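To be precise, the following lines are upload_16.cif, and they hold mmCIF, N, CA, C and O atoms.
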data_protein
#
loop_
_atom_site.label_atom_id
_atom_site.label_comp_id
_atom_site.auth_asym_id
_atom_site.auth_seq_id
_atom_site.Cartn_x
_atom_site.Cartn_y
_atom_site.Cartn_z
N SER A 1197 5.47 -45.25 4.70
CA SER A 1197 5.42 -44.01 3.97
C SER A 1197 6.83 -43.64 3.51
O SER A 1197 7.81 -43.91 4.18
N SER A 1198 6.88 -43.02 2.37
CA SER A 1198 8.18 -42.69 1.77
C SER A 1198 8.78 -41.44 2.40
O SER A 1198 8.07 -40.57 2.91
N PRO A 1199 10.10 -41.31 2.36
CA PRO A 1199 10.75 -40.12 2.91
C PRO A 1199 10.36 -38.84 2.15
O PRO A 1199 10.28 -37.77 2.74
N ILE A 1200 10.07 -38.97 0.89
CA ILE A 1200 9.66 -37.79 0.10
C ILE A 1200 8.31 -37.28 0.59
O ILE A 1200 8.11 -36.07 0.73
N PHE A 1201 7.39 -38.20 0.88
CA PHE A 1201 6.08 -37.79 1.38
C PHE A 1201 6.21 -37.09 2.73
O PHE A 1201 5.56 -36.07 2.98
N ALA A 1202 7.06 -37.62 3.60
CA ALA A 1202 7.27 -37.00 4.92
C ALA A 1202 7.86 -35.60 4.75
O ALA A 1202 7.45 -34.66 5.44
N TYR A 1203 8.79 -35.43 3.83
CA TYR A 1203 9.41 -34.13 3.58
C TYR A 1203 8.36 -33.14 3.06
O TYR A 1203 8.28 -32.00 3.54
N ILE A 1204 7.56 -33.55 2.11
CA ILE A 1204 6.54 -32.67 1.53
C ILE A 1204 5.51 -32.29 2.59
O ILE A 1204 5.05 -31.14 2.65
N THR A 1205 5.16 -33.21 3.47
CA THR A 1205 4.20 -32.93 4.54
C THR A 1205 4.74 -31.87 5.49
O THR A 1205 4.02 -30.94 5.87
N LYS A 1206 6.01 -31.98 5.85
CA LYS A 1206 6.62 -30.98 6.74
C LYS A 1206 6.67 -29.61 6.06
O LYS A 1206 6.41 -28.59 6.67
N MET A 1207 7.00 -29.61 4.78
CA MET A 1207 7.09 -28.34 4.07
C MET A 1207 5.71 -27.70 3.93
O MET A 1207 5.57 -26.49 4.07
N ALA A 1208 4.70 -28.51 3.67
CA ALA A 1208 3.33 -27.98 3.55
C ALA A 1208 2.88 -27.38 4.87
O ALA A 1208 2.16 -26.38 4.88
N PHE A 1209 3.31 -27.96 5.99
CA PHE A 1209 2.92 -27.42 7.28
C PHE A 1209 3.44 -25.99 7.45
O PHE A 1209 2.69 -25.09 7.82
N PHE A 1210 4.73 -25.76 7.17
CA PHE A 1210 5.29 -24.43 7.36
C PHE A 1210 4.74 -23.43 6.34
O PHE A 1210 4.56 -22.26 6.65
N TRP A 1211 4.49 -23.88 5.14
CA TRP A 1211 3.89 -23.01 4.13
C TRP A 1211 2.48 -22.59 4.59
O TRP A 1211 2.12 -21.41 4.55
N THR A 1212 1.70 -23.53 5.04
CA THR A 1212 0.34 -23.25 5.51
C THR A 1212 0.34 -22.42 6.78
O THR A 1212 -0.41 -21.45 6.90
N ALA A 1213 1.21 -22.77 7.73
CA ALA A 1213 1.28 -22.01 8.98
C ALA A 1213 1.68 -20.57 8.71
O ALA A 1213 1.12 -19.63 9.29
N GLY A 1214 2.62 -20.35 7.81
CA GLY A 1214 3.03 -19.00 7.46
C GLY A 1214 1.92 -18.22 6.77
O GLY A 1214 1.72 -17.03 7.04
N ALA A 1215 1.18 -18.89 5.90
CA ALA A 1215 0.08 -18.22 5.19
C ALA A 1215 -1.05 -17.83 6.15
O ALA A 1215 -1.56 -16.71 6.11
N VAL A 1216 -1.43 -18.75 7.02
CA VAL A 1216 -2.49 -18.47 8.00
C VAL A 1216 -2.03 -17.39 8.97
O VAL A 1216 -2.78 -16.47 9.31
N SER A 1217 -0.77 -17.46 9.38
CA SER A 1217 -0.22 -16.45 10.28
C SER A 1217 -0.18 -15.08 9.60
O SER A 1217 -0.47 -14.06 10.23
N GLY A 1218 0.15 -15.03 8.33
CA GLY A 1218 0.17 -13.77 7.60
C GLY A 1218 -1.21 -13.15 7.51
O GLY A 1218 -1.38 -11.94 7.70
N ALA A 1219 -2.21 -13.97 7.23
CA ALA A 1219 -3.58 -13.46 7.19
C ALA A 1219 -4.01 -12.96 8.55
O ALA A 1219 -4.67 -11.92 8.68
N THR A 1220 -3.60 -13.67 9.59
CA THR A 1220 -3.91 -13.25 10.95
C THR A 1220 -3.24 -11.92 11.29
O THR A 1220 -3.83 -11.06 11.93
N SER A 1221 -2.01 -11.73 10.81
CA SER A 1221 -1.31 -10.48 11.09
C SER A 1221 -2.00 -9.30 10.43
O SER A 1221 -2.06 -8.21 11.01
N VAL A 1222 -2.52 -9.50 9.24
CA VAL A 1222 -3.26 -8.42 8.56
C VAL A 1222 -4.53 -8.09 9.34
O VAL A 1222 -4.85 -6.92 9.57
N ALA A 1223 -5.24 -9.12 9.77
CA ALA A 1223 -6.48 -8.90 10.54
C ALA A 1223 -6.18 -8.21 11.87
O ALA A 1223 -6.89 -7.27 12.25
N LEU A 1224 -5.13 -8.63 12.57
CA LEU A 1224 -4.78 -8.01 13.84
C LEU A 1224 -4.28 -6.58 13.64
O LEU A 1224 -4.55 -5.70 14.47
N GLY A 1225 -3.56 -6.34 12.56
CA GLY A 1225 -3.11 -4.98 12.27
C GLY A 1225 -4.29 -4.05 12.01
O GLY A 1225 -4.33 -2.92 12.51
N ALA A 1226 -5.27 -4.53 11.25
CA ALA A 1226 -6.46 -3.73 10.99
C ALA A 1226 -7.27 -3.52 12.27
O ALA A 1226 -7.78 -2.41 12.52
N PHE A 1227 -7.37 -4.56 13.08
CA PHE A 1227 -8.08 -4.44 14.35
C PHE A 1227 -7.40 -3.39 15.23
O PHE A 1227 -8.07 -2.56 15.84
N GLY A 1228 -6.08 -3.43 15.29
CA GLY A 1228 -5.34 -2.47 16.10
C GLY A 1228 -5.51 -1.05 15.61
O GLY A 1228 -5.59 -0.11 16.41
N ALA A 1229 -5.58 -0.87 14.31
CA ALA A 1229 -5.70 0.48 13.75
C ALA A 1229 -7.11 1.05 13.89
O ALA A 1229 -7.27 2.27 13.99
N HIS A 1230 -8.11 0.20 13.88
CA HIS A 1230 -9.48 0.70 13.82
C HIS A 1230 -10.34 0.41 15.05
O HIS A 1230 -11.23 1.20 15.37
N ALA A 1231 -10.13 -0.70 15.72
CA ALA A 1231 -11.06 -1.09 16.77
C ALA A 1231 -10.44 -1.20 18.17
O ALA A 1231 -11.16 -1.12 19.16
N LEU A 1232 -9.14 -1.37 18.25
CA LEU A 1232 -8.51 -1.59 19.55
C LEU A 1232 -8.82 -0.50 20.57
O LEU A 1232 -9.15 -0.82 21.72
N PRO A 1233 -8.79 0.78 20.19
CA PRO A 1233 -9.10 1.81 21.19
C PRO A 1233 -10.51 1.71 21.77
O PRO A 1233 -10.75 2.12 22.90
N HIS A 1234 -11.44 1.12 21.02
CA HIS A 1234 -12.80 0.95 21.51
C HIS A 1234 -12.91 -0.20 22.52
O HIS A 1234 -13.77 -0.18 23.39
N TYR A 1235 -12.03 -1.20 22.39
CA TYR A 1235 -12.06 -2.35 23.28
C TYR A 1235 -11.13 -2.19 24.48
O TYR A 1235 -11.28 -2.89 25.48
N VAL A 1236 -10.13 -1.33 24.35
CA VAL A 1236 -9.19 -1.08 25.45
C VAL A 1236 -9.24 0.42 25.75
O VAL A 1236 -8.49 1.21 25.19
N PRO A 1237 -10.15 0.82 26.65
CA PRO A 1237 -10.37 2.24 26.88
C PRO A 1237 -9.15 2.99 27.44
O PRO A 1237 -8.98 4.17 27.17
N ASP A 1238 -8.29 2.31 28.20
CA ASP A 1238 -7.12 3.00 28.78
C ASP A 1238 -5.88 2.85 27.91
O ASP A 1238 -4.76 3.01 28.39
N LEU A 1239 -6.07 2.61 26.62
CA LEU A 1239 -4.96 2.42 25.69
C LEU A 1239 -4.17 3.72 25.55
O LEU A 1239 -4.73 4.76 25.22
N ASP A 1240 -2.86 3.65 25.80
CA ASP A 1240 -2.02 4.84 25.62
C ASP A 1240 -1.17 4.67 24.36
O ASP A 1240 -1.22 3.64 23.69
N GLU A 1241 -0.40 5.69 24.04
CA GLU A 1241 0.37 5.69 22.80
C GLU A 1241 1.43 4.58 22.78
O GLU A 1241 1.65 3.95 21.76
N ARG A 1242 2.08 4.34 23.91
CA ARG A 1242 3.11 3.30 23.98
C ARG A 1242 2.53 1.92 23.69
O ARG A 1242 3.09 1.15 22.92
N ARG A 1243 1.40 1.63 24.31
CA ARG A 1243 0.77 0.32 24.09
C ARG A 1243 0.24 0.20 22.67
O ARG A 1243 0.28 -0.88 22.07
N SER A 1244 -0.25 1.28 22.10
CA SER A 1244 -0.70 1.27 20.71
C SER A 1244 0.47 1.00 19.77
O SER A 1244 0.35 0.24 18.80
N LYS A 1245 1.63 1.60 20.06
CA LYS A 1245 2.83 1.34 19.25
C LYS A 1245 3.29 -0.11 19.41
O LYS A 1245 3.79 -0.70 18.46
N ASN A 1246 3.14 -0.67 20.61
CA ASN A 1246 3.47 -2.09 20.80
C ASN A 1246 2.62 -2.96 19.90
O ASN A 1246 3.11 -3.93 19.31
N TRP A 1247 1.34 -2.64 19.79
CA TRP A 1247 0.45 -3.42 18.92
C TRP A 1247 0.91 -3.33 17.47
O TRP A 1247 0.98 -4.33 16.76
N THR A 1248 1.24 -2.11 17.03
CA THR A 1248 1.68 -1.91 15.65
C THR A 1248 2.99 -2.65 15.38
O THR A 1248 3.14 -3.30 14.34
N THR A 1249 3.92 -2.59 16.32
CA THR A 1249 5.18 -3.31 16.18
C THR A 1249 4.93 -4.81 16.11
O THR A 1249 5.52 -5.51 15.27
N ALA A 1250 4.06 -5.31 16.95
CA ALA A 1250 3.74 -6.74 16.94
C ALA A 1250 3.16 -7.16 15.60
O ALA A 1250 3.55 -8.18 15.04
N ALA A 1251 2.24 -6.36 15.06
CA ALA A 1251 1.61 -6.70 13.78
C ALA A 1251 2.63 -6.67 12.64
O ALA A 1251 2.61 -7.54 11.75
N ASN A 1252 3.54 -5.69 12.66
CA ASN A 1252 4.56 -5.60 11.60
C ASN A 1252 5.51 -6.79 11.64
O ASN A 1252 5.78 -7.42 10.61
N TYR A 1253 6.03 -7.10 12.82
CA TYR A 1253 6.95 -8.24 12.93
C TYR A 1253 6.22 -9.56 12.66
O TYR A 1253 6.80 -10.49 12.10
N HIS A 1254 4.97 -9.64 13.05
CA HIS A 1254 4.15 -10.82 12.80
C HIS A 1254 4.06 -11.07 11.29
O HIS A 1254 4.24 -12.19 10.82
N ALA A 1255 3.79 -10.00 10.52
CA ALA A 1255 3.66 -10.13 9.07
C ALA A 1255 4.98 -10.55 8.42
O ALA A 1255 5.01 -11.48 7.59
N VAL A 1256 6.05 -9.90 8.80
CA VAL A 1256 7.36 -10.20 8.20
C VAL A 1256 7.79 -11.63 8.52
O VAL A 1256 8.26 -12.36 7.64
N HIS A 1257 7.59 -12.04 9.75
CA HIS A 1257 8.01 -13.40 10.12
C HIS A 1257 7.08 -14.47 9.59
O HIS A 1257 7.47 -15.63 9.48
N SER A 1258 5.86 -14.10 9.26
CA SER A 1258 4.98 -15.05 8.58
C SER A 1258 5.54 -15.37 7.19
O SER A 1258 5.58 -16.54 6.77
N LEU A 1259 5.99 -14.34 6.49
CA LEU A 1259 6.62 -14.56 5.18
C LEU A 1259 7.91 -15.37 5.31
O LEU A 1259 8.18 -16.26 4.50
N ALA A 1260 8.70 -15.06 6.33
CA ALA A 1260 9.94 -15.79 6.55
C ALA A 1260 9.66 -17.26 6.88
O ALA A 1260 10.40 -18.14 6.44
N THR A 1261 8.58 -17.53 7.60
CA THR A 1261 8.21 -18.92 7.90
C THR A 1261 7.87 -19.66 6.62
O THR A 1261 8.25 -20.82 6.43
N MET A 1262 7.18 -18.99 5.71
CA MET A 1262 6.86 -19.62 4.43
C MET A 1262 8.14 -19.87 3.62
O MET A 1262 8.26 -20.90 2.96
N ALA A 1263 9.08 -18.95 3.69
CA ALA A 1263 10.33 -19.11 2.94
C ALA A 1263 11.25 -20.14 3.57
O ALA A 1263 12.18 -20.62 2.91
N ALA A 1264 11.01 -20.51 4.80
CA ALA A 1264 11.87 -21.48 5.49
C ALA A 1264 11.88 -22.82 4.78
O ALA A 1264 12.85 -23.58 4.92
N VAL A 1265 10.85 -23.11 4.02
CA VAL A 1265 10.81 -24.41 3.31
C VAL A 1265 11.94 -24.52 2.30
O VAL A 1265 12.29 -25.62 1.88
N TYR A 1266 12.54 -23.41 1.91
CA TYR A 1266 13.61 -23.43 0.93
C TYR A 1266 15.00 -23.40 1.56
O TYR A 1266 16.00 -23.37 0.86
N SER A 1267 15.06 -23.42 2.89
CA SER A 1267 16.36 -23.38 3.56
C SER A 1267 16.98 -24.78 3.61
O SER A 1267 16.34 -25.78 3.29
N ARG A 1268 18.23 -24.82 4.04
CA ARG A 1268 18.94 -26.10 4.14
C ARG A 1268 18.33 -26.99 5.22
O ARG A 1268 18.30 -28.21 5.10
N HIS A 1269 17.85 -26.38 6.31
CA HIS A 1269 17.24 -27.11 7.42
C HIS A 1269 15.85 -26.53 7.66
O HIS A 1269 15.64 -25.76 8.61
N PRO A 1270 14.89 -26.87 6.83
CA PRO A 1270 13.58 -26.21 6.88
C PRO A 1270 12.80 -26.44 8.18
O PRO A 1270 12.14 -25.52 8.65
N VAL A 1271 12.89 -27.60 8.76
CA VAL A 1271 12.13 -27.85 9.99
C VAL A 1271 12.71 -27.03 11.14
O VAL A 1271 11.97 -26.40 11.90
N LEU A 1272 14.02 -26.99 11.25
CA LEU A 1272 14.65 -26.20 12.31
C LEU A 1272 14.38 -24.71 12.12
O LEU A 1272 13.92 -24.03 13.04
N SER A 1273 14.63 -24.20 10.93
CA SER A 1273 14.44 -22.76 10.71
C SER A 1273 12.97 -22.37 10.80
O SER A 1273 12.63 -21.33 11.39
N GLY A 1274 12.09 -23.18 10.26
CA GLY A 1274 10.66 -22.88 10.35
C GLY A 1274 10.15 -22.90 11.78
O GLY A 1274 9.38 -22.04 12.20
N SER A 1275 10.63 -23.87 12.55
CA SER A 1275 10.22 -23.97 13.96
C SER A 1275 10.71 -22.79 14.77
O SER A 1275 9.96 -22.22 15.57
N LEU A 1276 11.97 -22.41 14.57
CA LEU A 1276 12.52 -21.27 15.31
C LEU A 1276 11.83 -19.96 14.92
O LEU A 1276 11.51 -19.15 15.79
N LEU A 1277 11.63 -19.76 13.63
CA LEU A 1277 10.96 -18.53 13.19
C LEU A 1277 9.55 -18.45 13.74
O LEU A 1277 9.13 -17.40 14.25
N PHE A 1278 8.81 -19.53 13.64
CA PHE A 1278 7.41 -19.51 14.06
C PHE A 1278 7.28 -19.35 15.57
O PHE A 1278 6.49 -18.53 16.06
N SER A 1279 8.08 -20.09 16.34
CA SER A 1279 7.98 -19.97 17.80
C SER A 1279 8.49 -18.61 18.27
O SER A 1279 7.93 -18.02 19.20
N GLY A 1280 9.54 -18.09 17.63
CA GLY A 1280 10.03 -16.76 17.98
C GLY A 1280 8.99 -15.69 17.69
O GLY A 1280 8.80 -14.76 18.47
N MET A 1281 8.30 -15.84 16.57
CA MET A 1281 7.25 -14.89 16.21
C MET A 1281 6.11 -14.93 17.24
O MET A 1281 5.61 -13.88 17.66
N LEU A 1282 5.73 -16.12 17.66
CA LEU A 1282 4.68 -16.24 18.66
C LEU A 1282 5.07 -15.58 19.98
O LEU A 1282 4.27 -14.86 20.58
N LEU A 1283 6.29 -15.83 20.43
CA LEU A 1283 6.74 -15.25 21.69
C LEU A 1283 6.87 -13.73 21.59
O LEU A 1283 6.40 -13.00 22.47
N PHE A 1284 7.52 -13.24 20.54
CA PHE A 1284 7.75 -11.80 20.41
C PHE A 1284 6.45 -11.05 20.18
O PHE A 1284 6.06 -10.19 20.98
N SER A 1285 5.76 -11.37 19.11
CA SER A 1285 4.53 -10.64 18.79
C SER A 1285 3.45 -10.90 19.83
O SER A 1285 2.72 -9.99 20.22
N GLY A 1286 3.35 -12.14 20.28
CA GLY A 1286 2.34 -12.47 21.28
C GLY A 1286 2.50 -11.68 22.56
O GLY A 1286 1.52 -11.20 23.14
N SER A 1287 3.74 -11.52 23.01
CA SER A 1287 3.96 -10.75 24.24
C SER A 1287 3.63 -9.27 24.03
O SER A 1287 3.10 -8.62 24.94
N LEU A 1288 3.91 -8.74 22.84
CA LEU A 1288 3.57 -7.34 22.58
C LEU A 1288 2.06 -7.15 22.44
O LEU A 1288 1.52 -6.14 22.92
N TYR A 1289 1.37 -8.08 21.79
CA TYR A 1289 -0.09 -8.02 21.71
C TYR A 1289 -0.68 -8.03 23.13
O TYR A 1289 -1.56 -7.25 23.46
N TYR A 1290 -0.19 -8.96 23.94
CA TYR A 1290 -0.69 -9.10 25.30
C TYR A 1290 -0.46 -7.82 26.10
O TYR A 1290 -1.34 -7.34 26.80
N ASN A 1291 0.73 -7.24 25.98
CA ASN A 1291 1.04 -6.00 26.69
C ASN A 1291 0.13 -4.87 26.24
O ASN A 1291 -0.32 -4.08 27.06
N ALA A 1292 -0.13 -4.79 24.95
CA ALA A 1292 -0.99 -3.72 24.44
C ALA A 1292 -2.40 -3.82 25.00
O ALA A 1292 -3.03 -2.81 25.32
N VAL A 1293 -2.91 -5.03 25.15
CA VAL A 1293 -4.28 -5.21 25.63
C VAL A 1293 -4.37 -5.05 27.15
O VAL A 1293 -5.29 -4.41 27.66
N THR A 1294 -3.41 -5.62 27.88
CA THR A 1294 -3.52 -5.65 29.34
C THR A 1294 -2.73 -4.55 30.04
O THR A 1294 -3.06 -4.21 31.17
N GLY A 1295 -1.68 -4.06 29.41
CA GLY A 1295 -0.81 -3.10 30.08
C GLY A 1295 0.18 -3.75 31.02
O GLY A 1295 0.94 -3.07 31.71
N ASP A 1296 0.20 -5.07 31.06
CA ASP A 1296 1.10 -5.83 31.92
C ASP A 1296 2.53 -5.71 31.40
O ASP A 1296 2.86 -6.25 30.35
N LYS A 1297 3.38 -4.99 32.13
CA LYS A 1297 4.75 -4.76 31.66
C LYS A 1297 5.63 -6.00 31.78
O LYS A 1297 6.68 -6.07 31.15
N ARG A 1298 5.20 -6.98 32.55
CA ARG A 1298 5.98 -8.22 32.67
C ARG A 1298 6.04 -8.96 31.34
O ARG A 1298 6.97 -9.71 31.11
N ALA A 1299 5.05 -8.73 30.48
CA ALA A 1299 5.05 -9.40 29.17
C ALA A 1299 6.25 -8.97 28.33
O ALA A 1299 6.71 -9.72 27.46
N GLY A 1300 6.76 -7.77 28.59
CA GLY A 1300 7.92 -7.29 27.86
C GLY A 1300 9.17 -8.11 28.09
O GLY A 1300 10.11 -8.07 27.29
N ARG A 1301 9.18 -8.88 29.16
CA ARG A 1301 10.34 -9.74 29.45
C ARG A 1301 10.41 -10.94 28.51
O ARG A 1301 11.47 -11.52 28.35
N VAL A 1302 9.28 -11.30 27.93
CA VAL A 1302 9.23 -12.46 27.05
C VAL A 1302 9.66 -12.08 25.63
O VAL A 1302 10.23 -12.90 24.91
N ALA A 1303 9.42 -10.85 25.23
CA ALA A 1303 9.71 -10.41 23.86
C ALA A 1303 11.16 -10.69 23.43
O ALA A 1303 11.37 -11.18 22.31
N PRO A 1304 12.16 -10.40 24.25
CA PRO A 1304 13.53 -10.67 23.80
C PRO A 1304 13.79 -12.15 23.53
O PRO A 1304 14.58 -12.49 22.67
N LEU A 1305 13.11 -13.03 24.27
CA LEU A 1305 13.29 -14.47 24.01
C LEU A 1305 12.83 -14.82 22.60
O LEU A 1305 13.48 -15.59 21.90
N GLY A 1306 11.70 -14.25 22.20
CA GLY A 1306 11.22 -14.48 20.84
C GLY A 1306 12.13 -13.87 19.80
O GLY A 1306 12.32 -14.41 18.72
N GLY A 1307 12.72 -12.73 20.15
CA GLY A 1307 13.61 -12.05 19.22
C GLY A 1307 14.90 -12.82 18.96
O GLY A 1307 15.49 -12.71 17.89
N VAL A 1308 15.33 -13.61 19.94
CA VAL A 1308 16.56 -14.38 19.75
C VAL A 1308 16.33 -15.63 18.92
O VAL A 1308 17.26 -16.15 18.34
N MET A 1309 15.10 -16.07 18.86
CA MET A 1309 14.82 -17.27 18.09
C MET A 1309 14.82 -16.90 16.64
O MET A 1309 15.00 -17.51 15.74
#
Now, as a test, write the supplied structure out as structure tokens.
Amino acid sequence: SSPIFAYITKMAFFWTAGAVSGATSVALGAFGAHALPHYVPDLDERRSKNWTTAANYHAVHSLATMAAVYSRHPVLSGSLLFSGMLLFSGSLYYNAVTGDKRAGRVAPLGGVM
């Protein structure tokens, strides 16, 4: 296989992953705004704000993951952006649903990526 094909395949992965992640962020944001209180009866304002923060950062970093294909090192930047987004937003989503404060310890790790 040619090096150009390998490069295009890697770029298509980050473009697709960013697009699917962006759509997921919109769905999770809508779920948090409309349905989350019905599924998490003990949801308080802090945990609700965590969900909103997670959805906002999820959306922004999904776009950044798509834009990573245009960087000088697209595989490195795309990988760091995507894994950081998963750690940061994922820990906030988890905290909002469970109330487990230990999940907040993971968020800074995602933020540094």
Worksheet item: Pick the closest to A:Met1207 from A:Met1262, A:Val1256, A:Leu1282, A:Leu1288: which is it, counting only N, CA, C and O atoms?
Response: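 That would be A:Met1262, the residue with the smallest distance to A:Met1207.
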Discussion item. When the PyMOL selection byres ((chain A and resi 1261) around 7) is applied to the structure above, which residues does it catch, written out as a list in words?
Written reply: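 On the file shown, the PyMOL selection byres ((chain A and resi 1261) around 7) covers Met1207, Phe1210, Trp1211, Ala1213, Gly1214, Ala1215, Val1256, His1257, Ser1258, Leu1259, Ala1260, Met1262, Ala1263, Ala1264, Val1265, Tyr1266, Pro1270, Ser1273, Gly1274, Leu1277 and Phe1278 of chain A.
Nearest residue to A:Ser1221, choosing from A:Ala1251, A:Ala1202, A:Ala1208, A:Val1236 and counting only N, CA, C and O atoms: A:Ala1251.
Using all atoms listed in the file, the protein and nucleic acid residues lying no more than 7 Å from A:Trp1247, apart from those fewer than 6 places from it along its own chain, are Leu1224, Gly1225, Gly1228, Glu1241, Tyr1253, Ser1285, Leu1288, Tyr1289, Asn1291 and Ala1292 of chain A.
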Output N, CA, C and O atoms for every residue in the selection just made, as a PDB file, keeping the file's coordinate frame.
ATOM      1  N   LEU A1224      -5.130  -8.630  12.570  1.00  0.00           N
ATOM      2  CA  LEU A1224      -4.780  -8.010  13.840  1.00  0.00           C
ATOM      3  C   LEU A1224      -4.280  -6.580  13.640  1.00  0.00           C
ATOM      4  O   LEU A1224      -4.550  -5.700  14.470  1.00  0.00           O
ATOM      5  N   GLY A1225      -3.560  -6.340  12.560  1.00  0.00           N
ATOM      6  CA  GLY A1225      -3.110  -4.980  12.270  1.00  0.00           C
ATOM      7  C   GLY A1225      -4.290  -4.050  12.010  1.00  0.00           C
ATOM      8  O   GLY A1225      -4.330  -2.920  12.510  1.00  0.00           O
ATOM      9  N   GLY A1228      -6.080  -3.430  15.290  1.00  0.00           N
ATOM     10  CA  GLY A1228      -5.340  -2.470  16.100  1.00  0.00           C
ATOM     11  C   GLY A1228      -5.510  -1.050  15.610  1.00  0.00           C
ATOM     12  O   GLY A1228      -5.590  -0.110  16.410  1.00  0.00           O
ATOM     13  N   GLU A1241      -0.400   5.690  24.040  1.00  0.00           N
ATOM     14  CA  GLU A1241       0.370   5.690  22.800  1.00  0.00           C
ATOM     15  C   GLU A1241       1.430   4.580  22.780  1.00  0.00           C
ATOM     16  O   GLU A1241       1.650   3.950  21.760  1.00  0.00           O
ATOM     17  N   TYR A1253       6.030  -7.100  12.820  1.00  0.00           N
ATOM     18  CA  TYR A1253       6.950  -8.240  12.930  1.00  0.00           C
ATOM     19  C   TYR A1253       6.220  -9.560  12.660  1.00  0.00           C
ATOM     20  O   TYR A1253       6.800 -10.490  12.100  1.00  0.00           O
ATOM     21  N   SER A1285       5.760 -11.370  19.110  1.00  0.00           N
ATOM     22  CA  SER A1285       4.530 -10.640  18.790  1.00  0.00           C
ATOM     23  C   SER A1285       3.450 -10.900  19.830  1.00  0.00           C
ATOM     24  O   SER A1285       2.720  -9.990  20.220  1.00  0.00           O
ATOM     25  N   LEU A1288       3.910  -8.740  22.840  1.00  0.00           N
ATOM     26  CA  LEU A1288       3.570  -7.340  22.580  1.00  0.00           C
ATOM     27  C   LEU A1288       2.060  -7.150  22.440  1.00  0.00           C
ATOM     28  O   LEU A1288       1.520  -6.140  22.920  1.00  0.00           O
ATOM     29  N   TYR A1289       1.370  -8.080  21.790  1.00  0.00           N
ATOM     30  CA  TYR A1289      -0.090  -8.020  21.710  1.00  0.00           C
ATOM     31  C   TYR A1289      -0.680  -8.030  23.130  1.00  0.00           C
ATOM     32  O   TYR A1289      -1.560  -7.250  23.460  1.00  0.00           O
ATOM     33  N   ASN A1291       0.730  -7.240  25.980  1.00  0.00           N
ATOM     34  CA  ASN A1291       1.040  -6.000  26.690  1.00  0.00           C
ATOM     35  C   ASN A1291       0.130  -4.870  26.240  1.00  0.00           C
ATOM     36  O   ASN A1291      -0.320  -4.080  27.060  1.00  0.00           O
ATOM     37  N   ALA A1292      -0.130  -4.790  24.950  1.00  0.00           N
ATOM     38  CA  ALA A1292      -0.990  -3.720  24.440  1.00  0.00           C
ATOM     39  C   ALA A1292      -2.400  -3.820  25.000  1.00  0.00           C
ATOM     40  O   ALA A1292      -3.030  -2.810  25.320  1.00  0.00           O
TER      41      ALA A1292
END
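If you look at atom O of A:Asp1238 and atom C of A:Asp1296, they are 11.8 Å away from each other.
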Worksheet entry | Residues selected by the PyMOL selection byres ((chain A and resi 1300-1302) around 7), written as a VMD selection string | chain A and resid 1280 1283 to 1284 1287 to 1288 1291 1296 to 1299 1303 to 1307
